[in-house]
Amino acid sequence: MSFAQTLAHRAEQIDAELANLFVAGPAAATPSRLREAMRHALLGGGKRLRPFLVIESAYLFGAGAPEAAASAAAIECIHSYSLAHDDLPSMDNDATRRGHPTVWKAFDEWTAILAGDGLLTLAFEILADPSAHPDPAVRASLSLLLARASGSAGMVGGQALDLAWEKLDSTSPATADQVRELQSMKTGALITCACEMGAVIGGADDEARRALRTYGNALGFAFQIADDLLDAEGDSSKTGKAVAKDKALGKATLVELWGPGRCRDLLAELQNDCRAALAPFGDKATTLIATAEFVATRDR
Ligand code: GRG
């Protein structure tokens with residue numbers, strides 16, 4: 001199986017778990033309009049990279065997909081809520097996402113806001129449920145990791161820095177360090193969290209958990225650079241969203257500051273960092289190493 005096939009196969013399994021949240025799971029009793037908007041945000045395509053990372057990182061420590069299922073679903077709920085809110089008129093004002101109308105376009109603003117709120121809360125309901133993991137201490141660790149990565153010192157904080165820069169302070173040029181900090185909070189934190197959640201599910205020791213964090217940091221950085229390259233040079237029929245938006249909005253990116261050539265060199269270095277972090281795991285890490293290659297070279 002090629003890496004793309006492995007990712008697509010896992011995405012099908014993850015999609016089935018996510019769809020079930022609205023049938024027999026905790027979101028089954030959601031009022032119909034809100035439920036449809038939450039389903040639109042969550043189920044309308046997407047690579048399912050973060051849940052994939054949870055499952056594959058757990059596998060390194062001998063845990064199977066069923067043990068990682070709750071964390072995989074929870075992190076995708078967070079990611080999908082962030083996209084639904086990011087697309088709102090008051091934030092990035094996007095009409096297309098994952099090849100479909102964004103949630104606010106398909107419904108309206110208030111429904112899109114509530115759908116995001118519903119998904120954010122659902123993530124923690126999934127993780128707090130005893131079925132997520134038999135050990136309450138593990139459930140608490142997973143919830144803490146996800147809250148830190150997605151909250152005001154993580155993804156929400158990064159989004160706040162990004163919007164403040166664009167809407168309040170775009171007159172002074174951002175430095176590479178500022179861009180790096182913002183992006184590691186906005187995008188990197190959740191990707192690193194996915195890898196570390198897998199390690200926690202698998203009962204990894206501190207050293208192994210650190211290795212997964214190092215891998216996740218390099219992978220998150222590579223993901224963002226690749227995303228910026230896609231925005232600058234990509235094809236919207238593949239990415240499923242508008243391209244060339246960063247420049248139009250005056251957003252500072254490393255591609256803008258350093259140019260595509262230097263960013264591609266950096267992507268190669270980051271792939272090496274990913275490989276080095278996972279060297280202690282030998283052949284078991286083959287899929288995670290292939291993930292780094294996919295992330296660095298992706299066209300969607
Ligand atoms: C609204 C609190 C709040 C946060 C929004 C993640 C984010 C923060 C905004 C998304 C804007 C954006 C395009 C960021 C670049 C990186 C990114 C998260 C891309 C989308 O992730 P993929 O490529 O998407 O994994 P799919 O659709 O495959 O799930």
# chains A, B, ... in the order shown; residues from 1 in each chain; ligands from 1

$ select_by_dssp --residues "segment 138-238 of chain A" --states "alpha helix (DSSP H)" --output "ChimeraX atom specification"
/A:138-150,155-168,176-183,189-201,206-233,236-238

$ residues_around --residues "Ala153 of chain A" --least-positions-apart "6" --cutoff "12 Å" --atoms "only C-alpha atoms" --output "PDB file with all heavy atoms, in the first residue's frame"
ATOM      1  N   LEU A 145      -3.510  17.783  27.526  1.00  0.00           N
ATOM      2  CA  LEU A 145      -2.699  18.026  26.314  1.00  0.00           C
ATOM      3  C   LEU A 145      -3.522  18.750  25.251  1.00  0.00           C
ATOM      4  O   LEU A 145      -3.063  19.735  24.654  1.00  0.00           O
ATOM      5  CB  LEU A 145      -2.237  16.692  25.721  1.00  0.00           C
ATOM      6  CG  LEU A 145      -0.973  16.053  26.266  1.00  0.00           C
ATOM      7  CD1 LEU A 145      -0.773  14.690  25.612  1.00  0.00           C
ATOM      8  CD2 LEU A 145       0.233  16.947  26.000  1.00  0.00           C
ATOM      9  N   LEU A 146      -4.745  18.262  25.025  1.00  0.00           N
ATOM     10  CA  LEU A 146      -5.569  18.844  23.959  1.00  0.00           C
ATOM     11  C   LEU A 146      -6.004  20.267  24.318  1.00  0.00           C
ATOM     12  O   LEU A 146      -6.021  21.151  23.453  1.00  0.00           O
ATOM     13  CB  LEU A 146      -6.791  17.949  23.690  1.00  0.00           C
ATOM     14  CG  LEU A 146      -7.592  18.309  22.450  1.00  0.00           C
ATOM     15  CD1 LEU A 146      -6.748  18.229  21.174  1.00  0.00           C
ATOM     16  CD2 LEU A 146      -8.818  17.397  22.288  1.00  0.00           C
ATOM     17  N   ALA A 147      -6.325  20.491  25.589  1.00  0.00           N
ATOM     18  CA  ALA A 147      -6.749  21.838  26.009  1.00  0.00           C
ATOM     19  C   ALA A 147      -5.591  22.828  25.852  1.00  0.00           C
ATOM     20  O   ALA A 147      -5.775  23.944  25.344  1.00  0.00           O
ATOM     21  CB  ALA A 147      -7.232  21.802  27.454  1.00  0.00           C
ATOM     22  N   GLN A 159      -4.061  32.160  16.559  1.00  0.00           N
ATOM     23  CA  GLN A 159      -5.054  32.813  15.688  1.00  0.00           C
ATOM     24  C   GLN A 159      -5.226  34.280  16.095  1.00  0.00           C
ATOM     25  O   GLN A 159      -5.342  35.163  15.234  1.00  0.00           O
ATOM     26  CB  GLN A 159      -6.397  32.059  15.792  1.00  0.00           C
ATOM     27  CG  GLN A 159      -7.530  32.660  14.997  1.00  0.00           C
ATOM     28  CD  GLN A 159      -7.460  32.317  13.516  1.00  0.00           C
ATOM     29  OE1 GLN A 159      -6.444  31.847  13.024  1.00  0.00           O
ATOM     30  NE2 GLN A 159      -8.530  32.556  12.801  1.00  0.00           N
ATOM     31  N   ALA A 160      -5.203  34.534  17.399  1.00  0.00           N
ATOM     32  CA  ALA A 160      -5.356  35.919  17.888  1.00  0.00           C
ATOM     33  C   ALA A 160      -4.181  36.778  17.422  1.00  0.00           C
ATOM     34  O   ALA A 160      -4.363  37.927  16.983  1.00  0.00           O
ATOM     35  CB  ALA A 160      -5.465  35.928  19.411  1.00  0.00           C
ATOM     36  N   LEU A 161      -2.966  36.228  17.504  1.00  0.00           N
ATOM     37  CA  LEU A 161      -1.786  36.975  17.037  1.00  0.00           C
ATOM     38  C   LEU A 161      -1.894  37.251  15.541  1.00  0.00           C
ATOM     39  O   LEU A 161      -1.606  38.358  15.066  1.00  0.00           O
ATOM     40  CB  LEU A 161      -0.506  36.177  17.305  1.00  0.00           C
ATOM     41  CG  LEU A 161      -0.037  36.050  18.758  1.00  0.00           C
ATOM     42  CD1 LEU A 161       1.189  35.138  18.827  1.00  0.00           C
ATOM     43  CD2 LEU A 161       0.293  37.422  19.337  1.00  0.00           C
ATOM     44  N   GLU A 181       6.721  32.077  15.740  1.00  0.00           N
ATOM     45  CA  GLU A 181       6.011  31.913  17.016  1.00  0.00           C
ATOM     46  C   GLU A 181       4.499  31.764  16.780  1.00  0.00           C
ATOM     47  O   GLU A 181       3.852  30.859  17.314  1.00  0.00           O
ATOM     48  CB  GLU A 181       6.280  33.122  17.932  1.00  0.00           C
ATOM     49  CG  GLU A 181       5.729  32.896  19.337  1.00  0.00           C
ATOM     50  CD  GLU A 181       5.515  34.178  20.126  1.00  0.00           C
ATOM     51  OE1 GLU A 181       5.714  35.285  19.582  1.00  0.00           O
ATOM     52  OE2 GLU A 181       5.118  34.057  21.298  1.00  0.00           O
ATOM     53  N   LEU A 182       3.995  32.676  15.949  1.00  0.00           N
ATOM     54  CA  LEU A 182       2.556  32.657  15.648  1.00  0.00           C
ATOM     55  C   LEU A 182       2.148  31.307  15.033  1.00  0.00           C
ATOM     56  O   LEU A 182       1.166  30.688  15.447  1.00  0.00           O
ATOM     57  CB  LEU A 182       2.317  33.806  14.690  1.00  0.00           C
ATOM     58  CG  LEU A 182       1.004  34.148  14.054  1.00  0.00           C
ATOM     59  CD1 LEU A 182       1.141  35.524  13.440  1.00  0.00           C
ATOM     60  CD2 LEU A 182       0.493  33.176  13.049  1.00  0.00           C
ATOM     61  N   SER A 184       3.724  28.416  15.135  1.00  0.00           N
ATOM     62  CA  SER A 184       3.882  27.222  15.982  1.00  0.00           C
ATOM     63  C   SER A 184       2.718  27.130  16.959  1.00  0.00           C
ATOM     64  O   SER A 184       2.300  26.033  17.333  1.00  0.00           O
ATOM     65  CB  SER A 184       5.239  27.202  16.693  1.00  0.00           C
ATOM     66  OG  SER A 184       5.206  28.038  17.804  1.00  0.00           O
ATOM     67  N   MET A 185       2.151  28.267  17.347  1.00  0.00           N
ATOM     68  CA  MET A 185       0.960  28.227  18.212  1.00  0.00           C
ATOM     69  C   MET A 185      -0.282  27.846  17.399  1.00  0.00           C
ATOM     70  O   MET A 185      -1.048  26.971  17.775  1.00  0.00           O
ATOM     71  CB  MET A 185       0.737  29.601  18.861  1.00  0.00           C
ATOM     72  CG  MET A 185       1.796  29.963  19.889  1.00  0.00           C
ATOM     73  SD  MET A 185       1.667  31.688  20.402  1.00  0.00           S
ATOM     74  CE  MET A 185       0.278  31.619  21.530  1.00  0.00           C
ATOM     75  N   LYS A 186      -0.448  28.502  16.265  1.00  0.00           N
ATOM     76  CA  LYS A 186      -1.690  28.353  15.497  1.00  0.00           C
ATOM     77  C   LYS A 186      -1.835  26.967  14.865  1.00  0.00           C
ATOM     78  O   LYS A 186      -2.918  26.383  14.868  1.00  0.00           O
ATOM     79  CB  LYS A 186      -1.734  29.438  14.417  1.00  0.00           C
ATOM     80  CG  LYS A 186      -2.953  29.391  13.538  1.00  0.00           C
ATOM     81  CD  LYS A 186      -3.018  30.590  12.612  1.00  0.00           C
ATOM     82  CE  LYS A 186      -3.493  30.174  11.250  1.00  0.00           C
ATOM     83  NZ  LYS A 186      -3.715  31.269  10.337  1.00  0.00           N
ATOM     84  N   ALA A 189       1.043  23.524  17.322  1.00  0.00           N
ATOM     85  CA  ALA A 189       0.693  22.973  18.635  1.00  0.00           C
ATOM     86  C   ALA A 189      -0.234  21.761  18.511  1.00  0.00           C
ATOM     87  O   ALA A 189      -0.041  20.753  19.199  1.00  0.00           O
ATOM     88  CB  ALA A 189       0.048  24.057  19.491  1.00  0.00           C
ATOM     89  N   LEU A 190      -1.216  21.838  17.623  1.00  0.00           N
ATOM     90  CA  LEU A 190      -2.183  20.733  17.518  1.00  0.00           C
ATOM     91  C   LEU A 190      -1.545  19.497  16.867  1.00  0.00           C
ATOM     92  O   LEU A 190      -1.870  18.359  17.226  1.00  0.00           O
ATOM     93  CB  LEU A 190      -3.408  21.197  16.718  1.00  0.00           C
ATOM     94  CG  LEU A 190      -4.719  20.465  17.006  1.00  0.00           C
ATOM     95  CD1 LEU A 190      -5.103  20.536  18.469  1.00  0.00           C
ATOM     96  CD2 LEU A 190      -5.849  21.013  16.141  1.00  0.00           C
TER      97      LEU A 190
END

$ closest_residue --among "A:Arg10, A:Lys284, A:Arg298, A:Arg39" --to "ligand 1" --atoms "only C-alpha atoms and all ligand atoms"
A:Arg298

$ closest_atom_pairs --of "chain A" --to "ligand 1" --cutoff "8 Å" --atoms "only C-alpha atoms and all ligand atoms" --output "tab-separated table"
residue	atom	partner	partner_atom_place_in_ligand_line	distance
A:Gly45	CA	ligand 1	27 (O)	6.6
A:Gly46	CA	ligand 1	28 (O)	3.6
A:Lys47	CA	ligand 1	28 (O)	3.8
A:Arg48	CA	ligand 1	29 (O)	5.5
A:Leu49	CA	ligand 1	25 (O)	5.7
A:Arg50	CA	ligand 1	25 (O)	7.2
A:Glu76	CA	ligand 1	29 (O)	7.9
A:His79	CA	ligand 1	6 (C)	6.6
A:Ser80	CA	ligand 1	29 (O)	7.0
A:Tyr81	CA	ligand 1	1 (C)	7.3
A:Ser82	CA	ligand 1	3 (C)	4.2
A:Leu83	CA	ligand 1	10 (C)	5.2
A:Ala84	CA	ligand 1	1 (C)	7.2
A:His85	CA	ligand 1	1 (C)	4.5
A:Asp86	CA	ligand 1	1 (C)	4.2
A:Asp87	CA	ligand 1	10 (C)	7.8
A:Met91	CA	ligand 1	1 (C)	7.6
A:Asp92	CA	ligand 1	11 (C)	7.9
A:Arg97	CA	ligand 1	27 (O)	7.1
A:Arg98	CA	ligand 1	27 (O)	5.3
A:Ser150	CA	ligand 1	2 (C)	7.6
A:Gly151	CA	ligand 1	2 (C)	7.9
A:Met155	CA	ligand 1	4 (C)	5.7
A:Val156	CA	ligand 1	2 (C)	4.1
A:Gly157	CA	ligand 1	2 (C)	7.7
A:Gly158	CA	ligand 1	8 (C)	7.2
A:Gln159	CA	ligand 1	4 (C)	5.1
A:Ala160	CA	ligand 1	2 (C)	7.8
A:Lys186	CA	ligand 1	8 (C)	5.4
A:Thr187	CA	ligand 1	18 (C)	5.4
A:Phe223	CA	ligand 1	16 (C)	7.3
A:Gln224	CA	ligand 1	16 (C)	5.7
A:Asp227	CA	ligand 1	16 (C)	6.0
A:Asp228	CA	ligand 1	15 (C)	7.5
A:Thr239	CA	ligand 1	23 (O)	7.9
A:Gly240	CA	ligand 1	27 (O)	8.0
A:Arg300	CA	ligand 1	23 (O)	7.0

$ atom_distance --atom1 "atom CA of Ala28 of chain A" --atom2 "atom CA of Pro136 of chain A"
24.4 Å

$ closest_atom_pairs --of "segment 129-228 of chain A" --to "segment 253-269 of chain A" --cutoff "10 Å" --atoms "only C-alpha atoms" --output "JSON lines"
{"residue": "A:Pro173", "atom": "CA", "partner": "A:Leu257", "partner_atom": "CA", "distance": 9.6}
{"residue": "A:Ala174", "atom": "CA", "partner": "A:Thr253", "partner_atom": "CA", "distance": 8.7}
{"residue": "A:Thr175", "atom": "CA", "partner": "A:Leu257", "partner_atom": "CA", "distance": 8.1}
{"residue": "A:Ala176", "atom": "CA", "partner": "A:Leu254", "partner_atom": "CA", "distance": 6.4}
{"residue": "A:Asp177", "atom": "CA", "partner": "A:Leu254", "partner_atom": "CA", "distance": 9.5}
{"residue": "A:Gln178", "atom": "CA", "partner": "A:Thr253", "partner_atom": "CA", "distance": 9.8}
{"residue": "A:Val179", "atom": "CA", "partner": "A:Thr253", "partner_atom": "CA", "distance": 6.3}
{"residue": "A:Arg180", "atom": "CA", "partner": "A:Leu254", "partner_atom": "CA", "distance": 7.9}
{"residue": "A:Gln183", "atom": "CA", "partner": "A:Thr253", "partner_atom": "CA", "distance": 8.9}
{"residue": "A:Ala218", "atom": "CA", "partner": "A:Glu269", "partner_atom": "CA", "distance": 9.2}
{"residue": "A:Leu219", "atom": "CA", "partner": "A:Leu267", "partner_atom": "CA", "distance": 9.4}
{"residue": "A:Phe221", "atom": "CA", "partner": "A:Leu267", "partner_atom": "CA", "distance": 8.5}
{"residue": "A:Ala222", "atom": "CA", "partner": "A:Leu267", "partner_atom": "CA", "distance": 5.7}
{"residue": "A:Phe223", "atom": "CA", "partner": "A:Leu267", "partner_atom": "CA", "distance": 8.9}
{"residue": "A:Gln224", "atom": "CA", "partner": "A:Thr253", "partner_atom": "CA", "distance": 9.3}
{"residue": "A:Ile225", "atom": "CA", "partner": "A:Cys263", "partner_atom": "CA", "distance": 6.9}
{"residue": "A:Ala226", "atom": "CA", "partner": "A:Leu267", "partner_atom": "CA", "distance": 7.8}
{"residue": "A:Asp227", "atom": "CA", "partner": "A:Val255", "partner_atom": "CA", "distance": 9.8}
{"residue": "A:Asp228", "atom": "CA", "partner": "A:Val255", "partner_atom": "CA", "distance": 6.4}

$ select_by_dssp --residues "segment 1-230 of chain A" --states "strand (DSSP E)" --output "MDAnalysis selection string"
chainID A and resid 96:97 100:101

$ residues_around --residues "Leu53 of chain A" --least-positions-apart "2" --cutoff "12 Å" --atoms "only C-alpha atoms" --output "PyMOL selection string"
chain A and resi 7+10-11+14+47-51+55-60+65+68-69+71-73+75-76+190-199+212-213+215-216+219-220+285+287-292+295

$ write_last_selection --atoms "N, CA and C atoms" --output "compact mmCIF listing (two decimals), in the first residue's frame"
# COMPACT_ATOMS: atom_id res chain seq x y z
N LEU A 7 -3.16 6.53 4.14
CA LEU A 7 -3.83 7.70 4.71
C LEU A 7 -5.33 7.68 4.36
N ARG A 10 -7.17 4.94 6.40
CA ARG A 10 -7.40 5.40 7.78
C ARG A 10 -8.49 6.47 7.81
N ALA A 11 -8.47 7.37 6.80
CA ALA A 11 -9.47 8.45 6.78
C ALA A 11 -10.88 7.88 6.72
N ILE A 14 -11.74 6.71 10.19
CA ILE A 14 -11.96 7.87 11.06
C ILE A 14 -13.29 8.52 10.73
N LYS A 47 -8.07 15.63 5.12
CA LYS A 47 -7.09 14.54 5.06
C LYS A 47 -7.09 13.68 6.31
N ARG A 48 -7.60 14.22 7.41
CA ARG A 48 -7.61 13.52 8.71
C ARG A 48 -6.19 13.28 9.21
N LEU A 49 -5.34 14.27 8.95
CA LEU A 49 -3.93 14.10 9.31
C LEU A 49 -3.72 13.99 10.83
N ARG A 50 -4.43 14.82 11.60
CA ARG A 50 -4.19 14.81 13.05
C ARG A 50 -4.64 13.50 13.69
N PRO A 51 -5.88 13.00 13.37
CA PRO A 51 -6.23 11.69 13.91
C PRO A 51 -5.29 10.58 13.42
N ILE A 55 -3.19 7.91 15.85
CA ILE A 55 -3.25 6.45 15.70
C ILE A 55 -1.86 5.88 15.43
N GLU A 56 -1.13 6.50 14.52
CA GLU A 56 0.19 5.97 14.16
C GLU A 56 1.20 6.17 15.30
N SER A 57 1.07 7.24 16.07
CA SER A 57 1.99 7.43 17.20
C SER A 57 1.68 6.41 18.30
N ALA A 58 0.39 6.13 18.52
CA ALA A 58 0.02 5.11 19.52
C ALA A 58 0.56 3.75 19.10
N TYR A 59 0.54 3.50 17.80
CA TYR A 59 1.01 2.21 17.26
C TYR A 59 2.48 1.96 17.61
N LEU A 60 3.28 3.04 17.66
CA LEU A 60 4.70 2.89 18.01
C LEU A 60 4.88 2.20 19.34
N ALA A 65 -5.63 0.90 16.86
CA ALA A 65 -6.54 1.98 16.47
C ALA A 65 -7.73 2.12 17.42
N ALA A 68 -6.96 4.27 20.31
CA ALA A 68 -6.68 5.67 19.95
C ALA A 68 -7.92 6.37 19.38
N ALA A 69 -9.03 5.62 19.21
CA ALA A 69 -10.18 6.15 18.46
C ALA A 69 -10.77 7.42 19.08
N SER A 71 -9.38 9.72 21.08
CA SER A 71 -8.48 10.87 20.93
C SER A 71 -8.44 11.33 19.48
N ALA A 72 -8.47 10.36 18.56
CA ALA A 72 -8.46 10.70 17.13
C ALA A 72 -9.70 11.52 16.78
N ALA A 73 -10.86 11.09 17.28
CA ALA A 73 -12.10 11.82 16.99
C ALA A 73 -12.06 13.20 17.65
N ILE A 75 -9.54 15.17 18.46
CA ILE A 75 -8.64 16.17 17.85
C ILE A 75 -9.19 16.63 16.50
N GLU A 76 -9.89 15.76 15.79
CA GLU A 76 -10.47 16.20 14.51
C GLU A 76 -11.65 17.16 14.76
N LEU A 190 -1.22 21.84 17.62
CA LEU A 190 -2.18 20.73 17.52
C LEU A 190 -1.54 19.50 16.87
N ILE A 191 -0.62 19.73 15.95
CA ILE A 191 0.06 18.60 15.29
C ILE A 191 0.98 17.91 16.30
N THR A 192 1.71 18.70 17.07
CA THR A 192 2.57 18.10 18.12
C THR A 192 1.71 17.35 19.14
N CYS A 193 0.58 17.95 19.48
CA CYS A 193 -0.33 17.34 20.45
C CYS A 193 -0.81 15.97 19.95
N ALA A 194 -1.12 15.86 18.66
CA ALA A 194 -1.59 14.58 18.10
C ALA A 194 -0.56 13.50 18.35
N CYS A 195 0.72 13.83 18.12
CA CYS A 195 1.80 12.84 18.29
C CYS A 195 1.96 12.48 19.77
N GLU A 196 1.90 13.49 20.62
CA GLU A 196 2.09 13.22 22.05
C GLU A 196 0.90 12.46 22.64
N MET A 197 -0.31 12.73 22.13
CA MET A 197 -1.47 11.96 22.61
C MET A 197 -1.27 10.47 22.30
N GLY A 198 -0.75 10.19 21.11
CA GLY A 198 -0.48 8.79 20.75
C GLY A 198 0.48 8.15 21.74
N ALA A 199 1.52 8.91 22.13
CA ALA A 199 2.50 8.38 23.08
C ALA A 199 1.84 8.12 24.44
N LEU A 212 8.57 11.95 20.58
CA LEU A 212 7.37 12.20 19.77
C LEU A 212 7.07 13.69 19.68
N ARG A 213 7.39 14.39 20.78
CA ARG A 213 7.19 15.85 20.77
C ARG A 213 8.15 16.51 19.78
N TYR A 215 9.53 15.14 17.17
CA TYR A 215 9.03 14.80 15.82
C TYR A 215 7.85 15.71 15.47
N GLY A 216 6.90 15.85 16.40
CA GLY A 216 5.70 16.66 16.15
C GLY A 216 6.05 18.12 15.87
N LEU A 219 7.48 18.30 12.42
CA LEU A 219 6.41 18.01 11.45
C LEU A 219 5.46 19.21 11.33
N GLY A 220 5.11 19.81 12.46
CA GLY A 220 4.20 20.96 12.46
C GLY A 220 4.80 22.14 11.71
N ALA A 285 8.68 2.95 12.92
CA ALA A 285 8.36 4.36 12.63
C ALA A 285 8.23 4.64 11.14
N THR A 287 5.86 4.44 8.95
CA THR A 287 4.70 5.23 8.51
C THR A 287 4.83 6.69 8.94
N LEU A 288 5.32 6.92 10.16
CA LEU A 288 5.46 8.31 10.62
C LEU A 288 6.53 9.05 9.80
N ILE A 289 7.55 8.33 9.39
CA ILE A 289 8.58 8.97 8.55
C ILE A 289 7.99 9.28 7.16
N ALA A 290 7.20 8.34 6.65
CA ALA A 290 6.53 8.61 5.37
C ALA A 290 5.56 9.78 5.51
N THR A 291 4.99 9.95 6.70
CA THR A 291 4.07 11.08 6.93
C THR A 291 4.82 12.41 6.77
N ALA A 292 6.06 12.43 7.30
CA ALA A 292 6.86 13.66 7.19
C ALA A 292 7.14 13.98 5.73
N VAL A 295 3.90 15.31 4.21
CA VAL A 295 3.60 16.67 4.68
C VAL A 295 4.47 17.69 3.94

$ closest_residue --among "A:Ala115, A:Ala204, A:Ile78, A:Leu163" --to "Ala149 of chain A" --atoms "only C-alpha atoms"
A:Ile78

$ residues_around --residues "Ala140 of chain A" --least-positions-apart "2" --cutoff "12 Å" --atoms "only C-alpha atoms" --output "tab-separated table (two decimals) with N, CA, C and O atoms, in the first residue's frame"
chain	number	residue	atom	x	y	z
A	71	SER	N	-9.38	9.72	21.08
A	71	SER	CA	-8.48	10.87	20.93
A	71	SER	C	-8.44	11.33	19.48
A	71	SER	O	-8.38	12.54	19.20
A	124	PHE	N	-14.13	17.50	24.15
A	124	PHE	CA	-13.80	17.20	25.54
A	124	PHE	C	-14.81	16.24	26.17
A	124	PHE	O	-14.46	15.49	27.08
A	125	GLU	N	-16.02	16.24	25.66
A	125	GLU	CA	-16.99	15.23	26.12
A	125	GLU	C	-16.51	13.83	25.71
A	125	GLU	O	-16.57	12.89	26.49
A	126	ILE	N	-16.00	13.73	24.48
A	126	ILE	CA	-15.49	12.43	24.01
A	126	ILE	C	-14.34	11.96	24.89
A	126	ILE	O	-14.29	10.81	25.33
A	127	LEU	N	-13.42	12.88	25.19
A	127	LEU	CA	-12.23	12.48	25.95
A	127	LEU	C	-12.54	12.19	27.42
A	127	LEU	O	-11.85	11.38	28.04
A	128	ALA	N	-13.53	12.88	27.97
A	128	ALA	CA	-13.84	12.68	29.39
A	128	ALA	C	-14.66	11.41	29.62
A	128	ALA	O	-14.74	10.91	30.74
A	129	ASP	N	-15.26	10.89	28.57
A	129	ASP	CA	-16.12	9.71	28.73
A	129	ASP	C	-15.27	8.48	29.10
A	129	ASP	O	-14.21	8.27	28.50
A	130	PRO	N	-15.74	7.69	30.07
A	130	PRO	CA	-14.96	6.51	30.48
A	130	PRO	C	-14.61	5.57	29.32
A	130	PRO	O	-13.61	4.86	29.38
A	132	ALA	N	-13.36	6.39	26.63
A	132	ALA	CA	-12.18	6.90	25.90
A	132	ALA	C	-10.93	6.12	26.30
A	132	ALA	O	-10.06	5.84	25.46
A	133	HIS	N	-10.81	5.79	27.59
A	133	HIS	CA	-9.68	5.02	28.09
A	133	HIS	C	-10.04	4.51	29.48
A	133	HIS	O	-10.64	5.26	30.26
A	134	PRO	N	-9.67	3.27	29.79
A	134	PRO	CA	-10.09	2.74	31.10
A	134	PRO	C	-9.45	3.48	32.29
A	134	PRO	O	-10.02	3.49	33.38
A	135	ASP	N	-8.28	4.09	32.08
A	135	ASP	CA	-7.56	4.72	33.20
A	135	ASP	C	-7.92	6.22	33.26
A	135	ASP	O	-7.59	6.98	32.34
A	136	PRO	N	-8.56	6.68	34.36
A	136	PRO	CA	-8.95	8.10	34.44
A	136	PRO	C	-7.75	9.04	34.36
A	136	PRO	O	-7.88	10.17	33.84
A	137	ALA	N	-6.57	8.59	34.84
A	137	ALA	CA	-5.38	9.46	34.79
A	137	ALA	C	-4.96	9.69	33.33
A	137	ALA	O	-4.52	10.79	32.96
A	138	VAL	N	-5.11	8.66	32.50
A	138	VAL	CA	-4.78	8.81	31.08
A	138	VAL	C	-5.78	9.76	30.42
A	138	VAL	O	-5.41	10.65	29.65
A	142	LEU	N	-4.76	13.23	28.53
A	142	LEU	CA	-5.13	13.50	27.13
A	142	LEU	C	-5.91	14.81	27.03
A	142	LEU	O	-5.67	15.63	26.13
A	143	SER	N	-6.83	15.02	27.99
A	143	SER	CA	-7.64	16.25	27.98
A	143	SER	C	-6.75	17.47	28.19
A	143	SER	O	-6.92	18.51	27.54
A	144	LEU	N	-5.78	17.34	29.11
A	144	LEU	CA	-4.88	18.46	29.40
A	144	LEU	C	-4.04	18.82	28.17
A	144	LEU	O	-3.91	19.99	27.80
A	145	LEU	N	-3.51	17.78	27.53
A	145	LEU	CA	-2.70	18.03	26.31
A	145	LEU	C	-3.52	18.75	25.25
A	145	LEU	O	-3.06	19.74	24.65
A	146	LEU	N	-4.75	18.26	25.02
A	146	LEU	CA	-5.57	18.84	23.96
A	146	LEU	C	-6.00	20.27	24.32
A	146	LEU	O	-6.02	21.15	23.45
A	147	ALA	N	-6.32	20.49	25.59
A	147	ALA	CA	-6.75	21.84	26.01
A	147	ALA	C	-5.59	22.83	25.85
A	147	ALA	O	-5.77	23.94	25.34
A	197	MET	N	-0.31	12.73	22.13
A	197	MET	CA	-1.47	11.96	22.61
A	197	MET	C	-1.27	10.47	22.30
A	197	MET	O	-1.56	9.61	23.13
A	200	VAL	N	0.97	9.01	24.87
A	200	VAL	CA	0.29	8.84	26.17
A	200	VAL	C	-0.64	7.62	26.11
A	200	VAL	O	-0.67	6.81	27.05
A	201	ILE	N	-1.37	7.47	25.01
A	201	ILE	CA	-2.28	6.31	24.87
A	201	ILE	C	-1.47	5.01	24.95
A	201	ILE	O	-1.90	4.03	25.55
